[in-house]
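Source file: run13.cif (mmCIF, C-alpha atoms)
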```cif
data_start
#
loop_
_atom_site.group_PDB
_atom_site.id
_atom_site.type_symbol
_atom_site.label_atom_id
_atom_site.label_comp_id
_atom_site.auth_asym_id
_atom_site.auth_seq_id
_atom_site.Cartn_x
_atom_site.Cartn_y
_atom_site.Cartn_z
ATOM 1 C CA MET A 1 68.970 212.737 -86.624
ATOM 2 C CA GLY A 2 71.348 214.388 -84.188
ATOM 3 C CA GLY A 3 69.426 217.637 -84.486
ATOM 4 C CA ILE A 4 66.128 215.908 -83.640
ATOM 5 C CA ILE A 5 67.639 214.342 -80.519
ATOM 6 C CA ARG A 6 69.061 217.653 -79.358
ATOM 7 C CA TYR A 7 65.801 219.422 -80.072
ATOM 8 C CA ASN A 8 63.843 216.857 -78.025
ATOM 9 C CA LEU A 9 66.162 217.420 -75.062
ATOM 10 C CA THR A 10 65.929 221.205 -75.478
ATOM 11 C CA PHE A 11 62.139 220.983 -75.722
ATOM 12 C CA THR A 12 61.937 218.847 -72.563
ATOM 13 C CA LEU A 13 64.033 221.323 -70.572
ATOM 14 C CA GLU A 14 62.006 224.187 -72.004
ATOM 15 C CA MET A 15 58.864 222.787 -70.387
ATOM 16 C CA ALA A 16 60.323 223.808 -67.015
ATOM 17 C CA GLY A 17 59.601 227.413 -67.966
ATOM 18 C CA VAL A 18 55.967 226.732 -68.866
ATOM 19 C CA GLY A 19 54.848 226.659 -65.236
ATOM 20 C CA LEU A 20 56.700 229.878 -64.470
ATOM 21 C CA ARG A 21 55.139 231.610 -67.459
ATOM 22 C CA TYR A 22 51.658 230.401 -66.470
ATOM 23 C CA TRP A 23 52.062 231.680 -62.903
ATOM 24 C CA ALA A 24 53.415 235.042 -64.113
ATOM 25 C CA ILE A 25 50.477 235.615 -66.466
ATOM 26 C CA VAL A 26 47.962 234.694 -63.754
ATOM 27 C CA TRP A 27 49.680 237.008 -61.269
ATOM 28 C CA ALA A 28 49.835 239.933 -63.726
ATOM 29 C CA GLY A 29 46.331 239.487 -65.142
ATOM 30 C CA SER A 30 44.307 238.687 -62.011
ATOM 31 C CA PRO A 31 43.714 242.348 -61.035
ATOM 32 C CA PHE A 32 42.255 243.140 -64.471
ATOM 33 C CA LEU A 33 40.559 239.963 -65.768
ATOM 34 C CA SER A 34 38.095 237.390 -64.511
ATOM 35 C CA ASP A 35 39.396 234.052 -63.272
ATOM 36 C CA SER A 36 38.297 232.159 -66.370
ATOM 37 C CA ALA A 37 39.752 234.759 -68.711
ATOM 38 C CA VAL A 38 43.083 235.026 -66.930
ATOM 39 C CA HIS A 39 43.521 231.240 -66.739
ATOM 40 C CA THR A 40 42.638 230.851 -70.409
ATOM 41 C CA LEU A 41 45.162 233.533 -71.304
ATOM 42 C CA ALA A 42 47.765 231.895 -69.045
ATOM 43 C CA ILE A 43 47.301 228.497 -70.700
ATOM 44 C CA ILE A 44 47.682 230.022 -74.169
ATOM 45 C CA GLY A 45 50.731 232.025 -73.134
ATOM 46 C CA ALA A 46 52.339 229.093 -71.316
ATOM 47 C CA VAL A 47 51.918 226.272 -73.823
ATOM 48 C CA GLY A 48 51.576 228.388 -76.970
ATOM 49 C CA PRO A 49 55.307 228.748 -77.768
ATOM 50 C CA PRO A 50 56.111 225.013 -77.342
ATOM 51 C CA CYS A 51 53.121 224.027 -79.498
ATOM 52 C CA TYR A 52 54.028 226.649 -82.088
ATOM 53 C CA SER A 53 57.575 225.308 -82.078
ATOM 54 C CA LEU A 54 56.365 221.785 -82.820
ATOM 55 C CA LEU A 55 54.419 223.091 -85.824
ATOM 56 C CA ALA A 56 57.747 223.973 -87.433
ATOM 57 C CA TRP A 57 58.244 220.249 -88.030
ATOM 58 C CA VAL A 58 54.762 219.207 -89.174
ATOM 59 C CA GLY A 59 53.082 222.476 -90.158
ATOM 60 C CA PRO A 60 53.154 224.543 -93.341
ATOM 61 C CA PRO A 61 56.309 226.372 -94.466
ATOM 62 C CA GLY A 62 57.089 229.180 -92.080
ATOM 63 C CA GLY A 63 59.669 231.719 -91.023
ATOM 64 C CA ASN A 64 58.212 234.556 -93.084
ATOM 65 C CA TRP A 65 55.808 236.138 -90.606
ATOM 66 C CA ILE A 66 56.848 236.527 -86.958
ATOM 67 C CA MET A 67 60.519 235.866 -87.749
ATOM 68 C CA ARG A 68 60.388 238.545 -90.419
ATOM 69 C CA TRP A 69 59.234 241.006 -87.760
ATOM 70 C CA LYS A 70 61.863 239.826 -85.271
ATOM 71 C CA VAL A 71 64.784 240.274 -87.672
ATOM 72 C CA ARG A 72 63.255 243.381 -89.306
ATOM 73 C CA GLY A 73 63.151 241.795 -92.743
ATOM 74 C CA ARG A 74 61.603 243.583 -95.704
ATOM 75 C CA ALA A 75 60.652 242.682 -99.244
ATOM 76 C CA PRO A 76 63.516 243.113 -101.742
ATOM 77 C CA THR A 77 63.451 246.255 -103.856
ATOM 78 C CA ILE A 78 62.978 246.058 -107.628
ATOM 79 C CA THR A 79 66.751 246.299 -108.112
ATOM 80 C CA GLU A 80 67.375 243.588 -105.518
ATOM 81 C CA GLN A 81 64.740 241.370 -107.134
ATOM 82 C CA ALA A 82 66.505 241.668 -110.472
ATOM 83 C CA ILE A 83 69.837 240.702 -108.892
ATOM 84 C CA LEU A 84 68.217 237.748 -107.135
ATOM 85 C CA ALA A 85 66.486 236.567 -110.301
ATOM 86 C CA LYS A 86 69.814 236.458 -112.157
ATOM 87 C CA ALA A 87 71.528 234.672 -109.261
ATOM 88 C CA PHE A 88 68.767 232.108 -108.874
ATOM 89 C CA ARG A 89 68.872 231.334 -112.595
ATOM 90 C CA THR A 90 72.498 230.340 -112.107
ATOM 91 C CA LEU A 91 71.539 228.139 -109.159
ATOM 92 C CA THR A 92 68.661 226.569 -111.082
ATOM 93 C CA ASN A 93 70.999 225.708 -113.966
ATOM 94 C CA ARG A 94 73.098 223.764 -111.439
ATOM 95 C CA GLY A 95 70.074 221.836 -110.147
ATOM 96 C CA ILE A 96 69.352 223.927 -107.035
ATOM 97 C CA THR A 97 65.727 224.887 -106.384
ATOM 98 C CA PRO A 98 65.320 228.512 -105.189
ATOM 99 C CA PRO A 99 63.734 229.273 -101.808
ATOM 100 C CA ARG A 100 60.048 229.984 -101.407
ATOM 101 C CA PHE A 101 60.441 233.286 -99.555
ATOM 102 C CA VAL A 102 63.305 235.805 -99.620
ATOM 103 C CA TYR A 103 63.588 238.941 -97.481
ATOM 104 C CA THR A 104 66.230 241.611 -97.041
ATOM 105 C CA VAL A 105 67.702 242.608 -93.681
ATOM 106 C CA ASP A 106 69.128 246.130 -93.584
ATOM 107 C CA GLN A 107 72.434 245.189 -91.978
ATOM 108 C CA PRO A 108 75.771 246.232 -93.523
ATOM 109 C CA ASP A 109 77.573 242.901 -93.779
ATOM 110 C CA LEU A 110 77.752 239.760 -95.902
ATOM 111 C CA ASN A 111 75.399 237.646 -93.836
ATOM 112 C CA ALA A 112 72.517 235.359 -94.681
ATOM 113 C CA SER A 113 70.420 232.747 -92.923
ATOM 114 C CA VAL A 114 67.672 230.228 -93.558
ATOM 115 C CA ILE A 115 64.850 230.040 -91.034
ATOM 116 C CA GLY A 116 62.012 227.708 -91.879
ATOM 117 C CA HIS A 117 61.380 228.027 -95.603
ATOM 118 C CA THR A 118 62.588 231.613 -95.703
ATOM 119 C CA LEU A 119 65.940 233.033 -96.770
ATOM 120 C CA TYR A 120 67.129 236.270 -95.173
ATOM 121 C CA LEU A 121 69.872 238.195 -96.985
ATOM 122 C CA HIS A 122 71.722 241.157 -95.530
ATOM 123 C CA ARG A 123 71.713 244.267 -97.666
ATOM 124 C CA ASP A 124 75.395 244.346 -98.649
ATOM 125 C CA LEU A 125 75.226 240.915 -100.254
ATOM 126 C CA TYR A 126 73.359 242.271 -103.274
ATOM 127 C CA ALA A 127 76.377 244.340 -104.298
ATOM 128 C CA SER A 128 78.901 241.619 -103.446
ATOM 129 C CA PRO A 129 80.582 239.369 -106.034
ATOM 130 C CA HIS A 130 80.189 236.582 -103.462
ATOM 131 C CA LEU A 131 76.387 236.507 -103.617
ATOM 132 C CA ILE A 132 76.310 233.261 -105.605
ATOM 133 C CA ALA A 133 78.658 231.508 -103.182
ATOM 134 C CA VAL A 134 76.603 232.559 -100.158
ATOM 135 C CA LEU A 135 73.341 231.550 -101.846
ATOM 136 C CA ALA A 136 74.722 228.130 -102.757
ATOM 137 C CA HIS A 137 75.813 227.579 -99.145
ATOM 138 C CA GLU A 138 72.451 228.724 -97.771
ATOM 139 C CA MET A 139 70.597 226.410 -100.118
ATOM 140 C CA GLY A 140 72.456 223.577 -98.415
ATOM 141 C CA HIS A 141 70.641 224.587 -95.222
ATOM 142 C CA TYR A 142 67.398 225.197 -97.086
ATOM 143 C CA HIS A 143 67.258 221.751 -98.690
ATOM 144 C CA SER A 144 67.744 219.963 -95.369
ATOM 145 C CA ASN A 145 66.089 220.084 -91.956
ATOM 146 C CA ASP A 146 68.312 222.968 -90.832
ATOM 147 C CA GLY A 147 65.720 225.619 -91.647
ATOM 148 C CA ARG A 148 62.920 223.830 -89.808
ATOM 149 C CA LEU A 149 65.193 223.218 -86.832
ATOM 150 C CA ALA A 150 66.201 226.883 -86.643
ATOM 151 C CA LEU A 151 62.546 227.910 -86.852
ATOM 152 C CA ALA A 152 61.527 225.434 -84.145
ATOM 153 C CA LEU A 153 64.192 226.762 -81.771
ATOM 154 C CA HIS A 154 63.294 230.398 -82.389
ATOM 155 C CA ARG A 155 59.613 229.674 -81.833
ATOM 156 C CA LEU A 156 60.339 228.529 -78.287
ATOM 157 C CA THR A 157 60.756 232.221 -77.411
ATOM 158 C CA ILE A 158 57.777 234.565 -77.314
ATOM 159 C CA PRO A 159 57.750 237.513 -79.773
ATOM 160 C CA GLY A 160 59.256 240.562 -78.133
ATOM 161 C CA GLY A 161 60.916 238.489 -75.420
ATOM 162 C CA TRP A 162 64.303 239.940 -76.317
ATOM 163 C CA LEU A 163 63.007 243.370 -75.288
ATOM 164 C CA VAL A 164 62.180 242.033 -71.815
ATOM 165 C CA VAL A 165 65.601 240.407 -71.484
ATOM 166 C CA ALA A 166 67.395 243.524 -72.753
ATOM 167 C CA PHE A 167 65.472 245.732 -70.308
ATOM 168 C CA THR A 168 66.251 243.353 -67.437
ATOM 169 C CA MET A 169 69.959 243.298 -68.241
ATOM 170 C CA ARG A 170 70.074 247.092 -68.448
ATOM 171 C CA LEU A 171 68.246 247.364 -65.142
ATOM 172 C CA ILE A 172 70.659 244.910 -63.518
ATOM 173 C CA GLY A 173 73.598 246.857 -64.927
ATOM 174 C CA LEU A 174 72.194 250.098 -63.523
ATOM 175 C CA ILE A 175 71.635 248.581 -60.089
ATOM 176 C CA GLY A 176 75.121 247.082 -60.175
ATOM 177 C CA SER A 177 76.690 250.440 -61.004
ATOM 178 C CA LEU A 178 74.840 252.006 -58.072
ATOM 179 C CA LEU A 179 75.995 249.254 -55.694
ATOM 180 C CA ASN A 180 79.635 249.284 -56.800
ATOM 181 C CA PRO A 181 80.659 252.236 -54.601
ATOM 182 C CA ILE A 182 79.024 250.582 -51.587
ATOM 183 C CA GLU A 183 80.828 247.305 -52.297
ATOM 184 C CA ARG A 184 84.172 249.080 -52.650
ATOM 185 C CA LEU A 185 83.582 250.953 -49.397
ATOM 186 C CA LEU A 186 82.741 247.750 -47.504
ATOM 187 C CA SER A 187 85.770 246.038 -49.011
ATOM 188 C CA ALA A 188 88.049 248.918 -48.002
ATOM 189 C CA ILE A 189 86.677 248.990 -44.428
ATOM 190 C CA SER A 190 87.081 245.229 -44.032
ATOM 191 C CA TYR A 191 90.663 245.428 -45.270
ATOM 192 C CA ILE A 192 91.559 248.336 -42.960
ATOM 193 C CA VAL A 193 89.897 246.852 -39.877
ATOM 194 C CA LEU A 194 90.369 243.120 -40.389
ATOM 195 C CA ARG A 195 93.212 243.080 -42.944
ATOM 196 C CA ILE A 196 91.013 240.790 -45.059
ATOM 197 C CA GLU A 197 90.089 241.472 -48.681
ATOM 198 C CA ILE A 198 86.470 240.479 -49.094
ATOM 199 C CA THR A 199 85.337 239.547 -52.631
ATOM 200 C CA ILE A 200 82.248 237.532 -51.717
ATOM 201 C CA PRO A 201 79.798 240.433 -52.260
ATOM 202 C CA THR A 202 81.004 240.912 -55.844
ATOM 203 C CA ARG A 203 80.782 237.212 -56.649
ATOM 204 C CA LEU A 204 77.405 236.978 -54.954
ATOM 205 C CA ASN A 205 76.198 239.953 -56.977
ATOM 206 C CA GLN A 206 77.299 238.301 -60.226
ATOM 207 C CA PHE A 207 75.605 235.058 -59.229
ATOM 208 C CA ILE A 208 72.343 236.841 -58.412
ATOM 209 C CA GLN A 209 72.453 238.706 -61.726
ATOM 210 C CA ARG A 210 72.876 235.449 -63.623
ATOM 211 C CA ILE A 211 69.985 233.818 -61.762
ATOM 212 C CA VAL A 212 67.708 236.783 -62.498
ATOM 213 C CA VAL A 213 68.554 236.711 -66.215
ATOM 214 C CA TRP A 214 67.916 232.956 -66.368
ATOM 215 C CA MET A 215 64.540 233.409 -64.684
ATOM 216 C CA VAL A 216 63.571 236.090 -67.192
ATOM 217 C CA ILE A 217 64.656 233.877 -70.097
ATOM 218 C CA ALA A 218 62.599 231.024 -68.609
ATOM 219 C CA LEU A 219 59.667 233.440 -68.500
ATOM 220 C CA VAL A 220 59.912 234.582 -72.128
ATOM 221 C CA GLY A 221 61.114 231.228 -73.490
ATOM 222 C CA GLY A 222 64.507 229.799 -74.342
ATOM 223 C CA ILE A 223 65.809 228.389 -71.061
ATOM 224 C CA GLY A 224 66.094 224.963 -72.681
ATOM 225 C CA ILE A 225 68.276 226.462 -75.404
ATOM 226 C CA VAL A 226 70.548 228.147 -72.856
ATOM 227 C CA ALA A 227 70.910 224.871 -70.963
ATOM 228 C CA THR A 228 71.836 222.852 -74.070
ATOM 229 C CA VAL A 229 74.179 225.284 -75.867
ATOM 230 C CA PRO A 230 77.227 222.987 -75.386
ATOM 231 C CA LEU A 231 75.326 220.153 -77.096
ATOM 232 C CA TRP A 232 74.527 222.298 -80.130
ATOM 233 C CA ARG A 233 78.092 223.453 -80.738
ATOM 234 C CA SER A 234 79.431 220.338 -82.476
ATOM 235 C CA TYR A 235 76.183 219.744 -84.362
ATOM 236 C CA ILE A 236 76.056 223.234 -85.851
ATOM 237 C CA ARG A 237 79.702 222.973 -86.900
ATOM 238 C CA ARG A 238 78.905 219.757 -88.787
ATOM 239 C CA ARG A 239 75.878 221.325 -90.447
ATOM 240 C CA GLU A 240 77.953 224.268 -91.666
ATOM 241 C CA LEU A 241 80.438 221.880 -93.263
ATOM 242 C CA ALA A 242 77.513 219.962 -94.785
ATOM 243 C CA ALA A 243 76.163 223.187 -96.338
ATOM 244 C CA ASP A 244 79.627 223.912 -97.770
ATOM 245 C CA ARG A 245 79.699 220.399 -99.197
ATOM 246 C CA TYR A 246 76.255 220.889 -100.774
ATOM 247 C CA ALA A 247 77.457 224.033 -102.543
ATOM 248 C CA ALA A 248 80.642 222.297 -103.681
ATOM 249 C CA GLN A 249 78.756 219.283 -105.054
ATOM 250 C CA HIS A 250 76.720 221.633 -107.238
ATOM 251 C CA GLY A 251 79.813 223.256 -108.718
ATOM 252 C CA PHE A 252 80.371 226.230 -106.414
ATOM 253 C CA ALA A 253 83.507 225.040 -104.599
ATOM 254 C CA CYS A 254 85.738 227.687 -106.193
ATOM 255 C CA ALA A 255 83.320 230.543 -105.568
ATOM 256 C CA LEU A 256 82.874 229.481 -101.944
ATOM 257 C CA THR A 257 86.635 229.092 -101.482
ATOM 258 C CA LEU A 258 87.197 232.621 -102.731
ATOM 259 C CA PHE A 259 84.524 233.958 -100.393
ATOM 260 C CA LEU A 260 85.917 232.169 -97.338
ATOM 261 C CA ARG A 261 89.412 233.459 -98.068
ATOM 262 C CA GLN A 262 88.143 237.024 -97.996
ATOM 263 C CA SER A 263 85.176 237.020 -95.631
ATOM 264 C CA GLN A 264 83.471 235.116 -92.838
ATOM 265 C CA LEU A 265 79.853 234.028 -92.931
ATOM 266 C CA ASP A 266 78.327 234.499 -89.484
ATOM 267 C CA GLU A 267 74.774 233.294 -89.665
ATOM 268 C CA MET A 268 72.002 233.817 -87.171
ATOM 269 C CA ASN A 269 72.938 232.128 -83.894
ATOM 270 C CA LEU A 270 70.843 230.304 -81.342
ATOM 271 C CA PRO A 271 68.456 232.519 -79.345
ATOM 272 C CA TRP A 272 70.100 234.056 -76.255
ATOM 273 C CA ASN A 273 73.551 233.111 -77.491
ATOM 274 C CA GLN A 274 76.087 235.411 -79.130
ATOM 275 C CA ALA A 275 78.911 232.916 -79.688
ATOM 276 C CA SER A 276 79.596 231.688 -83.193
ATOM 277 C CA PHE A 277 79.631 227.919 -83.685
ATOM 278 C CA HIS A 278 81.081 228.066 -87.173
ATOM 279 C CA PRO A 279 84.084 225.876 -87.991
ATOM 280 C CA PRO A 280 87.436 227.647 -88.419
ATOM 281 C CA VAL A 281 87.976 228.984 -91.920
ATOM 282 C CA GLU A 282 91.013 226.726 -92.344
ATOM 283 C CA GLU A 283 88.871 223.653 -91.666
ATOM 284 C CA ARG A 284 86.236 224.750 -94.149
ATOM 285 C CA LEU A 285 88.832 225.459 -96.864
ATOM 286 C CA ALA A 286 90.439 222.081 -96.314
ATOM 287 C CA ALA A 287 87.072 220.350 -96.652
ATOM 288 C CA LEU A 288 86.497 222.107 -99.998
ATOM 289 C CA GLN A 289 89.854 221.087 -101.482
ATOM 290 C CA PRO A 290 88.651 217.746 -102.948
ATOM 291 C CA TYR A 291 86.004 219.607 -104.961
ATOM 292 C CA LEU A 292 88.386 222.112 -106.565
ATOM 293 C CA PRO A 293 89.481 221.568 -110.199
ATOM 294 C CA HIS A 294 93.107 221.444 -109.065
ATOM 295 C CA LEU A 295 94.819 221.124 -105.705
ATOM 296 C CA SER A 296 97.272 223.984 -106.067
ATOM 297 C CA ASP A 297 97.387 226.425 -103.206
ATOM 298 C CA ASP A 298 96.020 229.243 -105.289
ATOM 299 C CA GLY A 299 92.527 228.456 -106.477
ATOM 300 C CA VAL A 300 91.611 232.116 -106.359
ATOM 301 C CA GLU A 301 92.439 232.928 -109.978
ATOM 302 C CA TYR A 302 90.297 230.028 -111.147
ATOM 303 C CA ALA A 303 87.437 231.121 -108.926
ATOM 304 C CA ILE A 304 87.574 234.636 -110.338
ATOM 305 C CA SER A 305 87.518 233.370 -113.898
#
```
If you convert what's in this file into structure tokens, what do you get?
Amino acid sequence: MGGIIRYNLTFTLEMAGVGLRYWAIVWAGSPFLSDSAVHTLAIIGAVGPPCYSLLAWVGPPGGNWIMRWKVRGRAPTITEQAILAKAFRTLTNRGITPPRFVYTVDQPDLNASVIGHTLYLHRDLYASPHLIAVLAHEMGHYHSNDGRLALALHRLTIPGGWLVVAFTMRLIGLIGSLLNPIERLLSAISYIVLRIEITIPTRLNQFIQRIVVWMVIALVGGIGIVATVPLWRSYIRRRELAADRYAAQHGFACALTLFLRQSQLDEMNLPWNQASFHPPVEERLAALQPYLPHLSDDGVEYAIS
């Protein structure tokens, strides 16, 4: 319920970027298209992402088409399929239904994420002894609204929008590097002549850069997410603990404890946000203690066996 409330607020704030996106498409397309065509295209481009986001809640299972392209997912190889089949048999024997779609992401770490009805596994997981633990945790997200919520948030951004934001940030960085010598010269002159150290230009430059980035994000979608990041922090932490609890309730507390003592699961974050909202490892281990066969400090040997 808390996720629905936060999503509604994020969605409402996101609508502020719809007008900007409509105006930008009209401005860019007017020299090349007729008025009716450009306005039709602007309406589709402006309201398309919010409508597509809403379909994540009421539409068919998703997360295996555009998201697959965005994260560069691929179909598992024959060897990976065999490993998955064996792992999912273990999950099925514990009463956990496997996901509908599974794709591999060629990233060298022990990461995984559920988006919509699709599970994305990073390449190194297939060779890891912790695959079962990670799968059990991810199925906690899969068999809840977490996957649909993640898909709905990602759909608020237009495909390829990250390229526009990345280009803008690089351009701002280049302009800033060109202006730095001028700023230092003005600061030195002001200090020599007036004995005053002026830092306003630097702060003003940083403020302008932030405003420009926010405007670009509003244009490509996701400004509502940026504005509500603090509200998502506590919710995502609770959902991670809930996914741990799901795995533990199905008999994977020891395997997950062993994994958390050796690694850290950093799943896909909110769009336009690089910070991790995961609970501290100590908190997650403490929450798993009631599900362990014994409460001794060393459950590792049991987990290995």
Name the residues in contact with region 153-163 of chain A at a cut-off of 8 Å, using all atoms listed in the file, excluding same-chain residues fewer than 3 positions from it; report them as a VMD selection string. chain A and resid 7 14 49 to 50 52 to 53 66 70 149 to 150 166 to 167 217 220 to 222 225 270 to 271
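Interatomic distance, CA of Asn64 (chain A) to CA of Met1 (chain A): 25.2 Å.
Shortest separation to Val212 (chain A) among A:Leu171, A:His143, A:Gly59, A:Leu33 occurs at residue A:Leu171, atoms counted being only C-alpha atoms.
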Here CA of Tyr126 (chain A) and CA of Leu265 (chain A) stand apart by 14.7 Å
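In this comparison, which uses all atoms listed in the file, the residue of A:Ala87, A:Leu41, A:Ile172, A:Met139 approaching Arg100 (chain A) most closely is A:Met139.
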Please compute the CA of Ile236 (chain A)-CA of Pro279 (chain A) distance, one decimal, in Å. 8.7 Å
Which residues are near region 230-232 of chain A? Cut-off 10 Å, all atoms listed in the file, ignore same chain within fewer than 3 positions. Put them as a ChimeraX atom specification. /A:2-3,6-7,9-10,225-227,235-237,270,277
